[in-house]
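**Q** So I've got this file, model27.csv, and it contains CSV, C-alpha atoms:
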chain,number,residue,atom,x,y,z
Y,1,MET,CA,0.0,0.0,0.0
Y,2,LYS,CA,1.1,3.6,-0.6
Y,3,LEU,CA,0.2,6.6,1.5
Y,4,VAL,CA,-1.1,9.6,-0.5
Y,5,ALA,CA,-3.6,12.5,0.2
Y,6,ALA,CA,-6.8,13.9,-1.1
Y,7,LYS,CA,-5.9,16.7,-3.4
Y,8,VAL,CA,-9.4,18.0,-4.0
Y,9,PRO,CA,-11.5,19.9,-1.4
Y,10,VAL,CA,-14.0,17.0,-1.0
Y,11,SER,CA,-13.8,13.5,-2.4
Y,12,THR,CA,-16.8,11.3,-1.8
Y,13,VAL,CA,-16.0,7.6,-0.9
Y,14,TRP,CA,-18.1,5.0,-2.7
Y,15,THR,CA,-18.9,1.4,-2.1
Y,16,SER,CA,-17.5,0.5,-5.6
Y,17,PRO,CA,-16.5,2.1,-8.8
Y,18,ASP,CA,-19.9,1.1,-10.2
Y,19,ALA,CA,-21.9,2.9,-7.5
Y,20,PRO,CA,-22.1,6.4,-8.9
Y,21,ARG,CA,-25.2,7.3,-10.9
Y,22,ASP,CA,-25.5,9.8,-13.8
Y,23,ILE,CA,-26.6,12.5,-11.3
Y,24,ASP,CA,-23.4,11.9,-9.3
Y,25,ALA,CA,-21.1,13.1,-12.1
Y,26,PRO,CA,-20.2,16.4,-10.4
Y,27,ALA,CA,-19.0,14.5,-7.4
Y,28,ILE,CA,-16.7,12.2,-9.3
Y,29,ALA,CA,-15.3,14.7,-11.8
Y,30,ALA,CA,-11.6,15.3,-11.7
Y,31,GLN,CA,-12.4,18.6,-10.1
Y,32,PRO,CA,-15.5,17.7,-8.2
Y,33,ASP,CA,-18.2,20.3,-7.5
Y,34,VAL,CA,-19.8,18.8,-4.3
Y,35,ALA,CA,-21.9,21.9,-3.7
Y,36,ALA,CA,-23.5,21.7,-7.1
Y,37,TRP,CA,-24.0,17.9,-6.7
Y,38,ALA,CA,-25.7,18.3,-3.3
Y,39,LYS,CA,-27.9,21.1,-4.7
Y,40,SER,CA,-29.0,19.0,-7.7
Y,41,MET,CA,-30.5,16.2,-5.5
Y,42,ASP,CA,-34.0,16.0,-4.2
Y,43,THR,CA,-35.0,13.7,-1.3
Y,44,GLU,CA,-35.6,10.7,-3.6
Y,45,THR,CA,-32.1,10.9,-5.2
Y,46,ARG,CA,-30.6,11.5,-1.8
Y,47,LEU,CA,-32.2,8.3,-0.6
Y,48,GLY,CA,-30.6,6.6,-3.5
Y,49,LEU,CA,-27.2,7.3,-2.0
Y,50,HIS,CA,-27.8,4.6,0.7
Y,51,ASP,CA,-25.5,1.6,-0.1
Y,52,ARG,CA,-23.7,3.8,-2.6
Y,53,THR,CA,-21.7,6.4,-0.6
Y,54,LEU,CA,-19.8,5.7,2.6
Y,55,THR,CA,-18.0,8.9,3.7
Y,56,GLN,CA,-16.0,11.8,2.4
Y,57,LEU,CA,-12.3,12.8,2.4
Y,58,LEU,CA,-11.3,16.4,2.9
Y,59,PHE,CA,-8.4,18.3,1.3
Y,60,ALA,CA,-5.0,16.9,2.3
Y,61,GLU,CA,-6.5,14.1,4.3
Y,62,PRO,CA,-4.1,11.1,4.3
Y,63,VAL,CA,-5.2,7.9,2.4
Y,64,LEU,CA,-3.8,4.4,2.0
Y,65,VAL,CA,-4.2,3.0,-1.5
Y,66,ARG,CA,-4.8,-0.7,-1.6
Y,67,SER,CA,-5.4,-1.2,-5.3
Y,68,GLU,CA,-6.3,0.6,-8.5
Y,69,ARG,CA,-8.7,-0.3,-11.2
Y,70,ASP,CA,-10.0,1.6,-14.3
Y,71,GLY,CA,-9.3,5.1,-12.8
Y,72,TRP,CA,-10.4,4.2,-9.3
Y,73,SER,CA,-8.5,3.6,-6.1
Y,74,GLU,CA,-9.4,1.2,-3.3
Y,75,ILE,CA,-8.5,3.1,-0.2
Y,76,VAL,CA,-8.7,3.2,3.6
Y,77,ALA,CA,-8.9,6.6,5.5
Y,78,PRO,CA,-6.7,6.4,8.6
Y,79,TRP,CA,-8.2,9.6,10.1
Y,80,GLN,CA,-11.7,7.9,10.1
Y,81,PRO,CA,-11.5,4.9,12.5
Y,82,SER,CA,-13.9,2.1,11.7
Y,83,SER,CA,-14.6,-1.4,12.9
Y,84,GLN,CA,-14.7,-2.4,9.2
Y,85,ASP,CA,-10.9,-2.2,9.0
Y,86,GLU,CA,-8.2,-1.7,11.6
Y,87,LEU,CA,-6.4,0.7,9.3
Y,88,GLY,CA,-9.3,3.1,8.7
Y,89,TYR,CA,-12.5,3.6,6.8
Y,90,PRO,CA,-12.5,1.6,3.5
Y,91,GLY,CA,-14.0,2.4,0.1
Y,92,TRP,CA,-13.3,3.6,-3.4
Y,93,VAL,CA,-12.5,7.1,-4.8
Y,94,PRO,CA,-11.5,8.4,-8.3
Y,95,SER,CA,-7.7,8.1,-8.6
Y,96,SER,CA,-7.7,11.7,-10.0
Y,97,HIS,CA,-8.7,12.9,-6.5
Y,98,LEU,CA,-5.4,11.7,-4.9
Y,99,GLY,CA,-2.0,13.3,-4.9
Y,100,GLU,CA,1.3,13.3,-3.0
Y,101,LEU,CA,1.2,13.9,0.8
Y,102,PRO,CA,1.9,17.5,1.8
Y,103,GLY,CA,5.5,18.2,2.8
Y,104,ALA,CA,6.8,18.3,6.3
Y,105,ALA,CA,5.5,21.2,8.4
Y,106,SER,CA,4.7,22.1,12.0
Y,107,ASP,CA,1.5,22.5,14.0
Y,108,PRO,CA,-1.9,21.5,12.5
Y,109,VAL,CA,-4.6,24.0,12.0
Y,110,ALA,CA,-8.3,23.2,11.2
Y,111,VAL,CA,-10.9,25.1,9.2
Y,112,ALA,CA,-13.5,26.1,11.9
Y,113,VAL,CA,-16.1,27.9,9.6
Y,114,PRO,CA,-18.4,26.2,7.0
Y,115,THR,CA,-16.1,27.1,4.1
Y,116,ALA,CA,-12.8,29.0,3.8
Y,117,GLN,CA,-10.9,30.4,0.8
Y,118,LEU,CA,-7.4,29.1,0.2
Y,119,PHE,CA,-5.2,31.8,-1.3
Y,120,ALA,CA,-2.0,31.6,-3.4
Y,121,GLU,CA,-0.8,34.7,-1.5
Y,122,PRO,CA,-2.3,36.7,1.4
Y,123,GLY,CA,-5.1,38.8,-0.1
Y,124,ALA,CA,-4.7,37.4,-3.6
Y,125,GLY,CA,-7.3,35.5,-5.5
Y,126,ALA,CA,-8.5,32.2,-4.0
Y,127,PHE,CA,-7.7,29.0,-5.8
Y,128,ALA,CA,-9.8,26.6,-3.7
Y,129,GLU,CA,-12.7,26.6,-1.3
Y,130,LEU,CA,-12.0,24.3,1.7
Y,131,SER,CA,-14.7,22.7,3.9
Y,132,PHE,CA,-15.1,22.8,7.6
Y,133,ALA,CA,-12.9,20.3,9.4
Y,134,THR,CA,-10.1,20.4,6.8
Y,135,VAL,CA,-6.9,19.9,8.7
Y,136,LEU,CA,-3.6,21.3,7.4
Y,137,ALA,CA,0.0,21.6,8.6
Y,138,SER,CA,1.0,25.2,9.2
Y,139,ILE,CA,4.3,26.5,7.8
Y,140,GLU,CA,4.4,30.2,8.8
Y,141,HIS,CA,2.3,33.1,10.0
Y,142,ALA,CA,2.2,36.6,8.6
Y,143,ASP,CA,-0.1,39.6,8.9
Y,144,GLY,CA,-3.3,37.7,9.9
Y,145,TYR,CA,-2.7,34.7,7.6
Y,146,THR,CA,-1.2,31.2,8.0
Y,147,ARG,CA,0.7,29.5,5.2
Y,148,VAL,CA,-0.2,25.8,5.0
Y,149,ALA,CA,1.3,22.8,3.2
Y,150,THR,CA,-0.9,21.4,0.4
Y,151,PRO,CA,-0.7,18.1,-1.6
Y,152,ASP,CA,1.8,17.6,-4.4
Y,153,GLY,CA,4.4,19.8,-2.7
Y,154,GLY,CA,2.5,23.1,-2.8
Y,155,SER,CA,1.3,25.6,-0.2
Y,156,GLY,CA,-1.4,28.2,0.3
Y,157,TRP,CA,-2.6,30.8,2.7
Y,158,LEU,CA,-5.7,30.9,5.0
Y,159,ALA,CA,-7.0,33.8,7.0
Y,160,ASP,CA,-6.3,33.3,10.7
Y,161,ASP,CA,-9.9,34.0,11.6
Y,162,VAL,CA,-11.2,30.9,9.9
Y,163,LEU,CA,-8.8,28.6,11.7
Y,164,ARG,CA,-8.7,26.9,15.1
Y,165,THR,CA,-6.0,25.0,16.9
Y,166,GLY,CA,-6.2,22.8,20.0
Y,167,PRO,CA,-9.1,21.3,22.1
Y,168,GLY,CA,-12.3,23.0,23.1
Y,169,THR,CA,-15.2,22.9,25.6
Y,170,ALA,CA,-18.6,21.4,25.4
Y,171,GLU,CA,-19.9,24.9,24.4
Y,172,ASP,CA,-17.4,25.0,21.6
Y,173,ARG,CA,-18.7,21.7,20.2
Y,174,LEU,CA,-22.3,23.0,20.2
Y,175,ARG,CA,-21.2,26.4,18.7
Y,176,LEU,CA,-19.3,24.7,15.9
Y,177,GLY,CA,-22.1,22.3,15.1
Y,178,ALA,CA,-24.7,25.0,15.2
Y,179,GLN,CA,-23.1,26.7,12.2
Y,180,PHE,CA,-24.9,24.0,10.1
Y,181,LEU,CA,-28.4,24.5,11.4
Y,182,GLY,CA,-30.7,24.1,8.3
Y,183,LEU,CA,-28.2,22.1,6.3
Y,184,GLU,CA,-29.8,19.3,4.4
Y,185,TYR,CA,-28.8,15.8,5.6
Y,186,LEU,CA,-26.5,13.9,3.3
Y,187,TRP,CA,-25.8,10.2,3.7
Y,188,GLY,CA,-22.1,9.8,4.1
Y,189,GLY,CA,-21.5,13.5,4.3
Y,190,THR,CA,-18.5,14.9,6.3
Y,191,ALA,CA,-18.3,18.3,4.6
Y,192,ALA,CA,-20.0,21.7,4.7
Y,193,TYR,CA,-22.3,20.8,1.7
Y,194,GLY,CA,-24.1,18.0,3.6
Y,195,LEU,CA,-23.6,16.0,6.8
Y,196,ASP,CA,-25.0,12.8,8.3
Y,197,CYS,CA,-25.5,12.3,12.0
Y,198,SER,CA,-22.1,10.7,12.8
Y,199,GLY,CA,-20.4,12.9,10.2
Y,200,LEU,CA,-21.4,16.0,12.3
Y,201,VAL,CA,-19.9,14.5,15.4
Y,202,HIS,CA,-16.8,13.3,13.6
Y,203,THR,CA,-16.0,16.6,11.9
Y,204,VAL,CA,-16.7,18.8,15.0
Y,205,SER,CA,-14.4,16.5,16.9
Y,206,ARG,CA,-11.7,16.8,14.2
Y,207,VAL,CA,-11.7,20.6,14.4
Y,208,LEU,CA,-11.0,20.2,18.1
Y,209,GLY,CA,-8.2,17.8,17.6
Y,210,LEU,CA,-10.1,14.6,18.5
Y,211,ARG,CA,-10.1,11.6,16.3
Y,212,THR,CA,-13.4,9.9,16.8
Y,213,PRO,CA,-14.7,6.9,14.8
Y,214,ARG,CA,-16.7,7.7,11.7
Y,215,ASP,CA,-19.9,5.8,12.3
Y,216,ALA,CA,-22.4,6.1,15.1
Y,217,HIS,CA,-22.2,2.5,16.3
Y,218,ASP,CA,-18.4,2.7,16.5
Y,219,GLN,CA,-18.6,6.0,18.3
Y,220,ALA,CA,-20.9,4.4,20.9
Y,221,ASP,CA,-18.6,1.4,21.3
Y,222,THR,CA,-15.4,3.5,21.5
Y,223,LEU,CA,-16.1,6.7,23.4
Y,224,GLU,CA,-16.4,7.1,27.2
Y,225,ASN,CA,-19.9,5.9,28.1
Y,226,ILE,CA,-21.9,7.7,30.8
Y,227,ALA,CA,-25.3,7.2,32.3
Y,228,ILE,CA,-28.0,8.7,30.1
Y,229,ASP,CA,-29.4,10.8,33.0
Y,230,GLU,CA,-25.9,12.3,33.6
Y,231,ALA,CA,-25.5,13.6,30.0
Y,232,GLN,CA,-24.8,17.3,29.8
Y,233,PRO,CA,-24.8,19.7,26.8
Y,234,GLY,CA,-21.9,18.8,24.5
Y,235,ASP,CA,-22.2,15.1,25.4
Y,236,LEU,CA,-23.6,12.5,22.9
Y,237,TYR,CA,-26.9,10.6,22.8
Y,238,PHE,CA,-27.1,7.3,20.9
Y,239,PHE,CA,-30.2,5.6,19.5
Y,240,ALA,CA,-30.9,2.0,18.5
Y,241,ARG,CA,-34.0,-0.1,17.8
Y,242,PRO,CA,-34.6,-3.2,19.9
Y,243,GLY,CA,-32.0,-5.8,19.1
Y,244,LYS,CA,-30.2,-3.6,16.6
Y,245,THR,CA,-27.0,-1.7,16.6
Y,246,VAL,CA,-26.8,2.0,17.1
Y,247,HIS,CA,-28.1,3.9,14.1
Y,248,HIS,CA,-28.2,7.5,15.2
Y,249,VAL,CA,-26.2,10.0,17.3
Y,250,GLY,CA,-26.6,13.7,18.2
Y,251,PHE,CA,-25.1,16.3,20.5
Y,252,VAL,CA,-26.9,16.9,23.8
Y,253,SER,CA,-28.0,20.5,23.9
Y,254,PRO,CA,-29.9,22.8,26.3
Y,255,GLU,CA,-32.8,22.6,23.9
Y,256,GLY,CA,-32.6,18.8,23.6
Y,257,MET,CA,-30.4,17.6,20.8
Y,258,LEU,CA,-28.3,19.1,18.0
Y,259,HIS,CA,-28.3,16.5,15.2
Y,260,ALA,CA,-28.6,15.7,11.5
Y,261,SER,CA,-31.6,13.5,11.7
Y,262,GLU,CA,-32.3,11.7,8.4
Y,263,THR,CA,-32.5,12.0,4.6
Y,264,GLY,CA,-35.2,14.5,3.7
Y,265,LYS,CA,-34.6,16.6,6.8
Y,266,ARG,CA,-32.2,19.4,7.9
Y,267,LEU,CA,-29.8,19.7,10.7
Y,268,GLU,CA,-31.8,20.8,13.8
Y,269,ASN,CA,-31.5,21.7,17.4
Y,270,GLU,CA,-34.7,20.5,19.0
Y,271,PRO,CA,-36.3,18.7,21.9
Y,272,VAL,CA,-35.9,14.9,21.9
Y,273,SER,CA,-39.3,13.6,20.7
Y,274,ASP,CA,-41.1,10.8,22.6
Y,275,ASP,CA,-40.6,8.5,19.6
Y,276,ARG,CA,-36.9,9.3,19.5
Y,277,ARG,CA,-36.5,9.0,23.3
Y,278,ALA,CA,-38.0,5.4,23.1
Y,279,THR,CA,-34.9,4.4,21.2
Y,280,LEU,CA,-32.3,6.3,23.3
Y,281,VAL,CA,-30.0,3.6,24.5
Y,282,ALA,CA,-26.7,5.2,25.5
Y,283,ALA,CA,-24.7,8.4,26.1
Y,284,ALA,CA,-21.0,9.3,25.9
Y,285,ARG,CA,-18.7,12.1,26.7
Y,286,LEU,CA,-15.9,13.4,24.4
Write out the structure in this file as structure tokens.

**A**
Amino acid sequence: MKLVAAKVPVSTVWTSPDAPRDIDAPAIAAQPDVAAWAKSMDTETRLGLHDRTLTQLLFAEPVLVRSERDGWSEIVAPWQPSSQDELGYPGWVPSSHLGELPGAASDPVAVAVPTAQLFAEPGAGAFAELSFATVLASIEHADGYTRVATPDGGSGWLADDVLRTGPGTAEDRLRLGAQFLGLEYLWGGTAAYGLDCSGLVHTVSRVLGLRTPRDAHDQADTLENIAIDEAQPGDLYFFARPGKTVHHVGFVSPEGMLHASETGKRLENEPVSDDRRATLVAAARL
């Protein structure tokens, strides 16, 4: 296996090279337009992503390539722990979305706003739009900007006010997640253009320097469990039907729960309904 990195802002990970449909062409283009792809889909076509998409890679995220076939790469994503593979989350991406790892640099910084412009030089024209939770290695700081290492040996500049470094509080988790209130649910989404329930938890955690599993059931199995009645804002609620594995997760909030509920709905901060509470099976603390 070889270690590379995602060289596009967002690369969607698929169950197989045959999984994408015609409507998914913007997502698998050599220069994907994930925002346009998400905007093009109604609820029915979003439901069709189930058993097609798995997760998403963000710019400069490291990837292990297992094999290549007809312009596609079979990969695992080490930053996205999964019970499916001890090395990381498995799946397939277009080979055109991968490039050389960024060069050596110093402290990591994370994009902490929904989207951020990556500039060739401070104040110059942007050459990429990066998503929330993109993590990059910093090289230098100057006049309110940070230069970061990018794939294929390049670099770029991000405004300091879009970045965050280091851990945060429960309030920080809720504040970061609340930036996406109203965002449409996207199965497999880990970017600003659509999130699923565990993708919200995973990406908020990544901004704060925590590497949590990608899927809700793995989060429930791995994170520090606490009694449900001890859960505080910023903790996690997990939901499962009788005899089934955990299928849903959300942040405990003063209002009830901040979560991306399901396809056809939008990210909400709302009371936990009686129907939802009937399937509340566990809580955890980050």

**Q** Which residue is closest to Ala128 (chain Y)? Choose from Y:Lys2, Y:Arg66, Y:Lys7, Y:Arg46 and count all atoms listed in the file.

**A** Y:Lys7

**Q** Can you tell me which residues surround Ala126 (chain Y) at a distance of at most 10 Å, considering all atoms listed in the file, apart from same-chain residues fewer than 2 positions away, and format the answer as a PyMOL selection string?

**A** chain Y and resi 116-124+128-129+156-158

**Q** Would you pick out the contacts of Thr55 (chain Y) at 6 Å or less, using only C-alpha atoms, so that residues sharing its chain but fewer than 6 positions from it are not included, and give the list as a list in words?

**A** Val13, Gly188 and Gly189 of chain Y

**Q** What is the distance, in Å and to one decimal place, between CA of Leu210 (chain Y) and CA of Ile75 (chain Y)?

**A**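 CA of Ile75 (chain Y) lies 22.0 Å from CA of Leu210 (chain Y).
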
**Q** Out of Y:Ala220, Y:Val249, Y:Ala77, Y:Leu286, which residue has the shortest atom-to-atom distance to Gly234 (chain Y) when counting all atoms listed in the file?

**A**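 Checking each of Y:Ala220, Y:Val249, Y:Ala77, Y:Leu286 against Gly234 (chain Y), counting all atoms listed in the file, the winner is Y:Leu286.
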
**Q** So which one's closest to Gly103 (chain Y), Y:Pro26, Y:Pro62, Y:Gly153, Y:Gly182? Using all atoms listed in the file, please.

**A**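 Checking each candidate against Gly103 (chain Y), we get Y:Gly153 as the closest.
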
**Q** With only C-alpha atoms counted, which protein, DNA or RNA residues have an atom no more than 6 Å from (-3.6, 38.4, 8.5) in the file frame? Please answer as a PyMOL selection string.

**A** chain Y and resi 143-145+159

**Q** Of the residues Y:Glu270, Y:Glu230, Y:Asp42, Y:Asp18, which is the one nearest to Trp92 (chain Y), using all atoms listed in the file?

**A** Y:Asp18

**Q** Nearest to Arg69 (chain Y) among Y:Ser11, Y:Ser16, Y:Ser155, Y:Thr222, with distances taken over only C-alpha atoms: which residue is it?

**A**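 Residue with the minimum atom-to-atom distance to Arg69 (chain Y): Y:Ser16.
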
**Q** Between Y:Ser261, Y:Ser205, Y:Thr12, Y:Thr45, which one has atoms that come closest to Gly91 (chain Y), using only C-alpha atoms?

**A**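 Ranked by minimum distance to Gly91 (chain Y), first place goes to Y:Thr12.
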
**Q** Please indicate the distance in Å from CA of Val63 (chain Y) to CA of Val113 (chain Y), rounded to one decimal place.

**A**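 The value is 23.9 Å.
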